[in-house]
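Asker: One file is attached below, query25.txt, containing compact mmCIF, C-alpha atoms.
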```
# COMPACT_ATOMS: atom_id res chain seq x y z
CA MET A 7 33.66 9.18 29.37
CA GLU A 8 31.63 11.39 27.11
CA THR A 9 27.92 11.09 27.49
CA HIS A 10 25.80 11.17 24.37
CA SER A 11 22.27 12.43 24.20
CA THR A 12 19.41 10.35 22.87
CA HIS A 13 19.51 12.64 19.87
CA ASP A 14 23.15 11.80 19.07
CA ASN A 15 22.69 8.08 19.66
CA THR A 16 19.57 7.83 17.53
CA LEU A 17 21.15 9.75 14.67
CA PHE A 18 24.25 7.56 14.76
CA GLY A 19 22.13 4.40 14.85
CA PHE A 20 20.15 5.64 11.89
CA TRP A 21 23.38 6.41 10.04
CA VAL A 22 24.53 2.82 10.59
CA TYR A 23 21.18 1.58 9.27
CA LEU A 24 21.61 3.77 6.17
CA LEU A 25 25.03 2.21 5.60
CA THR A 26 23.47 -1.26 5.63
CA ASP A 27 20.94 0.00 3.10
CA VAL A 28 23.92 1.17 1.01
CA MET A 29 25.24 -2.39 1.12
CA LEU A 30 21.87 -3.65 -0.07
CA PHE A 31 22.04 -1.35 -3.07
CA ALA A 32 25.69 -2.27 -3.64
CA SER A 33 24.70 -5.91 -4.08
CA LEU A 34 21.88 -4.91 -6.45
CA PHE A 35 24.38 -2.85 -8.42
CA ALA A 36 26.77 -5.81 -8.53
CA ALA A 37 23.96 -7.98 -9.91
CA TYR A 38 23.09 -5.32 -12.48
CA LEU A 39 26.71 -4.92 -13.60
CA VAL A 40 27.09 -8.66 -14.02
CA LEU A 41 23.80 -9.11 -15.87
CA MET A 42 23.64 -5.92 -17.94
CA ASN A 43 24.95 -7.64 -21.05
CA GLY A 44 22.47 -10.50 -20.75
CA THR A 45 20.00 -8.91 -23.11
CA TYR A 46 18.73 -12.14 -24.74
CA GLY A 47 18.11 -10.41 -28.05
CA GLY A 48 16.02 -7.76 -26.37
CA PRO A 49 16.76 -4.13 -25.49
CA THR A 50 20.18 -3.04 -24.24
CA SER A 51 20.90 -0.35 -21.68
CA SER A 52 21.16 2.24 -24.46
CA ASP A 53 17.65 1.37 -25.66
CA ILE A 54 15.81 1.96 -22.42
CA GLY A 55 16.84 5.49 -21.53
CA ARG A 56 15.37 8.82 -22.55
CA PRO A 57 18.16 11.29 -21.73
CA VAL A 58 16.18 14.50 -21.19
CA TYR A 59 13.50 12.74 -19.16
CA VAL A 60 16.11 11.19 -16.87
CA LEU A 61 17.91 14.52 -16.55
CA VAL A 62 14.66 16.20 -15.45
CA GLU A 63 13.77 13.58 -12.87
CA THR A 64 17.34 13.56 -11.52
CA SER A 65 17.27 17.34 -11.13
CA LEU A 66 13.91 17.17 -9.35
CA LEU A 67 15.19 14.64 -6.86
CA LEU A 68 18.32 16.70 -6.30
CA LEU A 69 16.18 19.77 -5.71
CA SER A 70 14.06 17.84 -3.21
CA SER A 71 17.24 16.81 -1.40
CA PHE A 72 18.20 20.48 -1.23
CA THR A 73 14.80 21.50 0.15
CA ALA A 74 15.07 18.69 2.73
CA GLY A 75 18.41 20.14 3.75
CA CYS A 76 16.83 23.58 4.02
CA ALA A 77 14.06 22.09 6.17
CA GLY A 78 16.75 20.76 8.50
CA PHE A 79 18.42 24.16 8.53
CA PHE A 80 15.24 25.95 9.57
CA MET A 81 14.43 23.20 12.05
CA SER A 82 17.75 23.78 13.81
CA ARG A 83 16.83 27.46 14.08
CA GLY A 84 13.42 26.61 15.55
CA LYS A 85 11.41 27.91 12.61
CA LYS A 86 8.35 25.65 12.61
CA ILE A 87 6.42 27.13 9.68
CA ALA A 88 9.43 27.14 7.36
CA THR A 89 10.20 23.54 8.31
CA ILE A 90 6.65 22.43 7.51
CA ALA A 91 6.62 24.34 4.22
CA LEU A 92 9.95 22.91 3.09
CA TRP A 93 8.98 19.34 3.92
CA ILE A 94 5.77 19.80 1.93
CA ILE A 95 7.81 21.10 -1.02
CA THR A 96 10.15 18.12 -0.64
CA PHE A 97 7.13 15.82 -0.66
CA VAL A 98 5.75 17.39 -3.85
CA LEU A 99 9.09 17.18 -5.66
CA GLY A 100 9.62 13.61 -4.46
CA SER A 101 6.13 12.62 -5.63
CA ILE A 102 6.74 14.05 -9.09
CA PHE A 103 9.99 12.12 -9.23
CA MET A 104 8.20 8.91 -8.19
CA LEU A 105 5.53 9.44 -10.82
CA MET A 106 8.19 9.94 -13.49
CA GLU A 107 10.23 6.92 -12.37
CA GLY A 108 7.11 4.76 -12.10
CA SER A 109 5.68 5.79 -15.44
CA ASP A 110 9.03 5.07 -17.09
CA LEU A 111 8.96 1.52 -15.75
CA VAL A 112 5.33 1.15 -16.84
CA ARG A 113 6.32 2.37 -20.31
CA LEU A 114 9.07 -0.25 -20.54
CA TYR A 115 6.65 -2.97 -19.51
CA GLY A 116 4.14 -1.72 -22.06
CA LEU A 117 6.76 -1.98 -24.79
CA GLY A 118 7.00 -5.66 -23.99
CA TRP A 119 10.25 -5.10 -22.12
CA GLY A 120 9.13 -6.53 -18.80
CA TRP A 121 11.36 -7.81 -16.00
CA ASP A 122 10.77 -11.36 -17.19
CA LYS A 123 12.17 -10.85 -20.66
CA SER A 124 15.92 -10.89 -20.04
CA ALA A 125 18.52 -10.95 -17.28
CA PHE A 126 19.37 -7.33 -18.01
CA LEU A 127 15.73 -6.26 -17.63
CA SER A 128 15.32 -8.30 -14.41
CA ALA A 129 18.32 -6.59 -12.86
CA LEU A 130 17.15 -3.20 -14.12
CA PHE A 131 13.63 -3.48 -12.72
CA THR A 132 14.95 -4.80 -9.40
CA LEU A 133 17.46 -2.00 -8.99
CA ILE A 134 15.16 0.84 -10.02
CA GLY A 135 12.16 -0.77 -8.31
CA THR A 136 13.97 -1.07 -4.99
CA HIS A 137 15.01 2.57 -5.23
CA GLY A 138 11.42 3.55 -6.00
CA LEU A 139 10.26 1.58 -2.97
CA HIS A 140 12.68 3.55 -0.82
CA VAL A 141 11.38 6.83 -2.22
CA ALA A 142 7.81 5.67 -1.53
CA PHE A 143 8.69 4.93 2.09
CA GLY A 144 10.32 8.34 2.38
CA LEU A 145 7.20 10.02 1.05
CA MET A 146 5.05 8.07 3.50
CA TRP A 147 7.33 9.12 6.35
CA ILE A 148 7.09 12.78 5.39
CA ILE A 149 3.31 12.59 5.67
CA VAL A 150 3.46 10.67 8.94
CA PHE A 151 5.96 13.09 10.51
CA LEU A 152 4.15 16.20 9.29
CA ILE A 153 1.27 15.38 11.62
CA PRO A 154 3.11 15.62 14.98
CA LEU A 155 5.15 18.48 13.55
CA ILE A 156 2.02 20.50 12.86
CA ARG A 157 0.28 19.51 16.09
CA GLU A 158 3.12 19.60 18.62
CA GLY A 159 5.73 21.77 16.93
CA LEU A 160 9.48 21.24 17.16
CA THR A 161 9.74 19.01 20.23
CA SER A 162 12.93 17.02 20.78
CA THR A 163 11.23 13.85 19.54
CA VAL A 164 10.00 15.56 16.39
CA THR A 165 13.37 17.14 15.58
CA ARG A 166 15.18 13.86 16.16
CA ARG A 167 12.88 12.00 13.80
CA LEU A 168 12.97 14.72 11.16
CA ALA A 169 16.78 14.63 11.28
CA CYS A 170 16.65 10.90 10.55
CA LEU A 171 14.16 11.49 7.73
CA GLN A 172 16.42 14.15 6.27
CA MET A 173 19.36 11.74 6.27
CA PHE A 174 17.17 9.12 4.61
CA TRP A 175 16.14 11.53 1.91
CA HIS A 176 19.76 12.51 1.16
CA PHE A 177 20.64 8.81 1.00
CA VAL A 178 17.87 8.14 -1.55
CA ASN A 179 19.25 10.97 -3.69
CA ILE A 180 22.83 9.67 -3.53
CA VAL A 181 21.73 6.18 -4.58
CA TRP A 182 19.85 7.69 -7.52
CA ILE A 183 23.01 9.49 -8.66
CA PHE A 184 24.67 6.11 -9.03
CA ILE A 185 21.64 4.55 -10.73
CA PHE A 186 21.47 7.47 -13.14
CA THR A 187 25.19 7.11 -13.94
CA VAL A 188 25.44 3.34 -14.17
CA VAL A 189 22.13 2.56 -15.88
CA TYR A 190 21.45 5.53 -18.12
CA LEU A 191 24.85 6.95 -18.87
CA ILE A 192 27.25 4.01 -19.07
CA MET B 21 24.96 15.49 11.98
CA LYS B 22 25.45 19.11 12.83
CA PRO B 23 22.96 21.50 11.19
CA SER B 24 24.18 22.94 7.90
CA LYS B 25 24.61 26.53 6.92
CA ILE B 26 22.49 27.74 4.01
CA SER B 27 25.65 28.58 2.06
CA SER B 28 26.84 25.00 2.43
CA LEU B 29 23.51 23.66 1.17
CA ILE B 30 23.43 25.99 -1.82
CA THR B 31 27.04 25.17 -2.74
CA GLY B 32 26.28 21.47 -2.51
CA PHE B 33 23.17 21.81 -4.63
CA LEU B 34 24.87 23.82 -7.38
CA ALA B 35 27.94 21.57 -7.37
CA SER B 36 25.75 18.45 -7.65
CA LEU B 37 23.68 19.97 -10.45
CA GLY B 38 26.88 20.95 -12.26
CA LEU B 39 28.26 17.44 -11.92
CA ILE B 40 25.04 15.91 -13.23
CA ILE B 41 25.06 18.13 -16.31
CA LEU B 42 28.77 17.49 -16.80
CA ALA B 43 28.23 13.74 -16.60
CA TYR B 44 25.32 13.94 -19.02
CA PHE B 45 27.32 15.84 -21.63
CA THR B 46 30.38 13.65 -21.17
CA ALA B 47 28.18 10.64 -21.87
CA LYS B 48 26.80 12.23 -25.00
CA THR B 49 29.96 13.64 -26.56
CA GLY B 50 32.92 12.05 -24.83
CA PRO B 51 35.11 9.01 -25.55
CA SER B 52 33.28 5.72 -25.49
CA GLY B 53 34.22 2.47 -23.82
CA THR B 54 36.19 1.90 -20.66
CA THR B 55 37.63 5.43 -20.41
CA MET B 56 34.12 6.82 -20.38
CA SER B 57 32.99 4.39 -17.68
CA PHE B 58 35.83 5.45 -15.44
CA ILE B 59 35.20 9.16 -15.99
CA LEU B 60 31.47 8.80 -15.32
CA MET B 61 31.96 6.66 -12.22
CA GLY B 62 34.51 9.17 -11.02
CA LEU B 63 32.00 12.00 -11.49
CA ALA B 64 29.33 10.01 -9.65
CA ALA B 65 31.69 9.28 -6.77
CA LEU B 66 32.70 12.94 -6.67
CA GLN B 67 29.09 13.99 -6.52
CA ALA B 68 28.41 11.50 -3.71
CA VAL B 69 31.30 13.05 -1.78
CA VAL B 70 30.00 16.57 -2.48
CA GLN B 71 26.56 15.59 -1.24
CA LEU B 72 27.96 13.88 1.84
CA LEU B 73 30.03 16.94 2.69
CA PHE B 74 27.46 19.62 2.01
CA PHE B 75 24.12 17.95 2.69
CA PHE B 76 25.07 15.41 5.34
CA ASN B 77 27.77 17.59 6.84
CA LEU B 78 30.06 14.59 7.16
CA LYS B 79 33.22 16.36 8.24
CA THR B 80 35.94 15.56 10.75
CA GLU B 81 34.76 16.81 14.11
CA LYS B 82 35.40 15.23 17.46
CA ALA B 83 32.47 12.89 18.15
CA PRO B 84 31.26 12.40 14.60
CA HIS B 85 34.51 10.70 13.62
CA TRP B 86 32.57 7.51 14.33
CA TYR B 87 30.40 8.37 11.34
CA TRP B 88 33.52 8.39 9.17
CA ILE B 89 34.77 5.08 10.58
CA MET B 90 31.48 3.34 9.85
CA PHE B 91 31.35 4.92 6.40
CA LEU B 92 34.86 3.75 5.50
CA PHE B 93 34.04 0.26 6.73
CA THR B 94 30.97 0.21 4.48
CA ILE B 95 33.11 1.30 1.54
CA LEU B 96 35.50 -1.55 2.31
CA ILE B 97 32.70 -4.12 2.36
CA MET B 98 31.27 -2.69 -0.86
CA VAL B 99 34.63 -2.84 -2.64
CA VAL B 100 35.00 -6.47 -1.60
CA VAL B 101 31.44 -7.50 -2.52
CA VAL B 102 31.02 -5.55 -5.77
CA GLY B 103 34.63 -5.79 -6.94
CA GLY B 104 34.82 -9.45 -5.97
CA SER B 105 31.57 -10.26 -7.78
CA LEU B 106 32.70 -8.53 -10.94
CA TRP B 107 36.10 -10.25 -10.79
CA ILE B 108 34.63 -13.68 -10.24
CA MET B 109 31.95 -13.33 -12.90
CA SER B 110 34.38 -12.02 -15.49
CA ASN B 111 36.70 -14.88 -14.65
CA LEU B 112 33.88 -17.38 -15.07
CA ASN B 113 32.88 -15.76 -18.33
CA TYR B 114 36.37 -16.19 -19.67
CA ASN B 115 37.08 -19.66 -18.35
CA MET B 116 33.75 -21.08 -19.39
CA MET B 117 33.75 -19.35 -22.76
CA MET B 118 30.32 -17.79 -22.18
```
Represent the supplied structure as structure tokens.

Answerer:
Amino acid sequence: METHSTHDNTLFGFWVYLLTDVMLFASLFAAYLVLMNGTYGGPTSSDIGRPVYVLVETSLLLLSSFTAGCAGFFMSRGKKIATIALWIITFVLGSIFMLMEGSDLVRLYGLGWGWDKSAFLSALFTLIGTHGLHVAFGLMWIIVFLIPLIREGLTSTVTRRLACLQMFWHFVNIVWIFIFTVVYLI
Amino acid sequence: MKPSKISSLITGFLASLGLIILAYFTAKTGPSGTTMSFILMGLAALQAVVQLLFFFNLKTEKAPHWYWIMFLFTILIMVVVVGGSLWIMSNLNYNMMM
């Protein structure tokens, strides 16, 4: 029998959790795809997007996923300062993304295109809102994990948790790729 | 999740960025309708794979094959749930003349 370390077991467990989160988003996507034509005389999916804006926020999130990966790389080499710096950069990029995503939703609501106006808009706000909630949690986690990282350095507990956070951040980026494609491009 | 190499991260980042830009321009200038949907979804799926390979490092190594098994199971459930929903709803649409 192979024995697995706490590190391996925790990471695998977190991976399984991420897969259940994928299923959550899959059902939200299914709802969106079914309801996207239910526009009730209001805006359609081609009315709500601003292509360059979405391209910028997508690139920012992708960049933050890259910096999170770099943070993991330096963490595995025991470089504490680089890890801290890269997670801070990831936090900044993720925050800008959240501000852009949030202000876009606020703009839609301000135009009178709230989530209560049509089935399409309900599904849209739910899908994008849930993704935004996930990003918000990720940002909160970065802050919370920075504290023991700065105070204790790269202990086994800290590295294990940062590895989970890194996986979470990549997951958030992958979900956004699909949102970007399905909502804004199709 | 084995730690990545910097080269793998950079490749993944550039490939993803390229796929995003490609998808964006395909949407602007390409064929419309169902063909377009398939192409765009294909690009999105490809980018997800690229990210999984390069950022997550989801490759076939000895212990982490469990990661693959769980991932494939999730894909199966998703195909059933999403595909089934779309099939049923389109069927209802047709049969109930909605």

Asker: Enumerate, in order of chain and increasing residue number, the residues of chain A with an atom no farther than 6 Å from chain B, each with its shortest atom pair and distance in Å to one decimal, counting all atoms listed in the file, as a tab-separated table.

Answerer:
```
residue	atom	partner	partner_atom	distance
A:Ala36	CA	B:Val102	CA	5.1
A:Phe79	CA	B:Pro23	CA	5.9
A:Ile180	CA	B:Ala68	CA	5.9
A:Leu191	CA	B:Ala47	CA	5.8
A:Ile192	CA	B:Ser57	CA	5.9
```

Asker: Record the distance separating atom CA of Thr163 of chain A and atom CA of Leu30 of chain A, expressed in Å with one decimal.

Answerer: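 Atom CA of Thr163 of chain A sits 28.4 Å away from atom CA of Leu30 of chain A.
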
Asker: In Å, how far is it from atom CA of Tyr46 of chain A to atom CA of Ala125 of chain A?

Answerer: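 Distance reported for this atom pair: 7.6 Å.
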
Asker: What's the separation between atom CA of Ile148 of chain A and atom CA of Thr96 of chain A, in Å to one decimal place?

Answerer: 8.6 Å

Asker: For Thr16 of chain A, work out the shell of residues within 9 Å, counting all atoms listed in the file and skipping chain neighbours fewer than 3 positions away, then give it as number ranges by chain.

Answerer: A: 11-13, 19-21, 166-167, 170

Asker: So that I can check the surroundings of Met42 of chain A, please list as a PyMOL selection string every protein, DNA and RNA residue that reaches within 9 Å of it, counting only C-alpha atoms and ignoring chain neighbours fewer than 5 positions away.

Answerer: chain A and resi 37+50-51+125-127+129-130+189

Asker: Residues at most 10 Å from Asp110 of chain A, counting only C-alpha atoms, excluding those fewer than 5 positions away in the same chain, as an MDAnalysis selection string?

Answerer: chainID A and resid 54:56 59:60 104:105 115:116

Asker: Could you check which of A:Val181, A:Leu117, A:Leu34, A:Val40 is closest to Leu112 of chain B, using only C-alpha atoms?

Answerer: A:Val40

Asker: Put segment 35-106 of chain A into a file with C-alpha atoms, as a CSV table (one decimal), in the first residue's frame.

Answerer:
```
chain,number,residue,atom,x,y,z
A,35,PHE,CA,-24.6,27.3,-17.5
A,36,ALA,CA,-27.4,24.9,-18.4
A,37,ALA,CA,-29.9,27.3,-17.0
A,38,TYR,CA,-28.4,30.2,-18.9
A,39,LEU,CA,-28.3,28.3,-22.2
A,40,VAL,CA,-32.0,27.3,-21.8
A,41,LEU,CA,-33.1,30.8,-20.8
A,42,MET,CA,-30.8,33.0,-23.0
A,43,ASN,CA,-33.5,33.5,-25.6
A,44,GLY,CA,-36.1,34.5,-23.0
A,45,THR,CA,-35.5,38.2,-23.5
A,46,TYR,CA,-39.1,39.4,-23.0
A,47,GLY,CA,-38.6,42.3,-25.3
A,48,GLY,CA,-35.6,43.4,-23.4
A,49,PRO,CA,-31.9,43.2,-24.2
A,50,THR,CA,-30.4,40.1,-25.9
A,51,SER,CA,-27.0,38.7,-25.2
A,52,SER,CA,-25.5,40.8,-28.0
A,53,ASP,CA,-26.8,44.0,-26.3
A,54,ILE,CA,-25.1,43.5,-23.0
A,55,GLY,CA,-21.5,43.0,-23.9
A,56,ARG,CA,-18.7,45.6,-24.5
A,57,PRO,CA,-16.1,43.6,-26.4
A,58,VAL,CA,-12.9,45.5,-25.5
A,59,TYR,CA,-13.9,45.8,-21.9
A,60,VAL,CA,-14.5,42.1,-21.6
A,61,LEU,CA,-11.3,41.4,-23.4
A,62,VAL,CA,-9.4,43.5,-20.9
A,63,GLU,CA,-10.9,42.0,-17.8
A,64,THR,CA,-10.4,38.5,-19.2
A,65,SER,CA,-6.7,39.2,-19.9
A,66,LEU,CA,-6.3,40.6,-16.3
A,67,LEU,CA,-7.8,37.5,-14.8
A,68,LEU,CA,-5.6,35.3,-17.0
A,69,LEU,CA,-2.6,37.3,-15.9
A,70,SER,CA,-3.6,36.8,-12.3
A,71,SER,CA,-3.8,33.1,-12.8
A,72,PHE,CA,-0.3,33.2,-14.3
A,73,THR,CA,1.1,35.1,-11.3
A,74,ALA,CA,-0.7,32.6,-8.9
A,75,GLY,CA,1.1,29.8,-10.8
A,76,CYS,CA,4.4,31.7,-10.4
A,77,ALA,CA,3.7,32.1,-6.7
A,78,GLY,CA,3.3,28.3,-6.5
A,79,PHE,CA,6.5,27.9,-8.4
A,80,PHE,CA,8.5,30.1,-6.1
A,81,MET,CA,6.8,28.5,-3.1
A,82,SER,CA,8.0,25.0,-4.2
A,83,ARG,CA,11.5,26.5,-4.3
A,84,GLY,CA,11.2,27.9,-0.8
A,85,LYS,CA,11.4,31.5,-1.9
A,86,LYS,CA,9.2,33.3,0.7
A,87,ILE,CA,9.5,36.9,-0.5
A,88,ALA,CA,8.8,36.1,-4.1
A,89,THR,CA,5.8,34.0,-3.0
A,90,ILE,CA,4.4,36.9,-1.0
A,91,ALA,CA,5.0,39.4,-3.7
A,92,LEU,CA,3.3,37.3,-6.4
A,93,TRP,CA,0.3,36.6,-4.3
A,94,ILE,CA,0.0,40.4,-3.7
A,95,ILE,CA,0.2,41.0,-7.4
A,96,THR,CA,-2.5,38.3,-7.9
A,97,PHE,CA,-4.7,40.0,-5.4
A,98,VAL,CA,-4.3,43.4,-7.1
A,99,LEU,CA,-5.1,41.9,-10.5
A,100,GLY,CA,-8.0,39.9,-9.1
A,101,SER,CA,-9.4,43.0,-7.4
A,102,ILE,CA,-9.3,45.0,-10.6
A,103,PHE,CA,-11.1,42.2,-12.4
A,104,MET,CA,-13.8,42.2,-9.7
A,105,LEU,CA,-14.2,45.9,-9.9
A,106,MET,CA,-14.6,45.7,-13.7
```
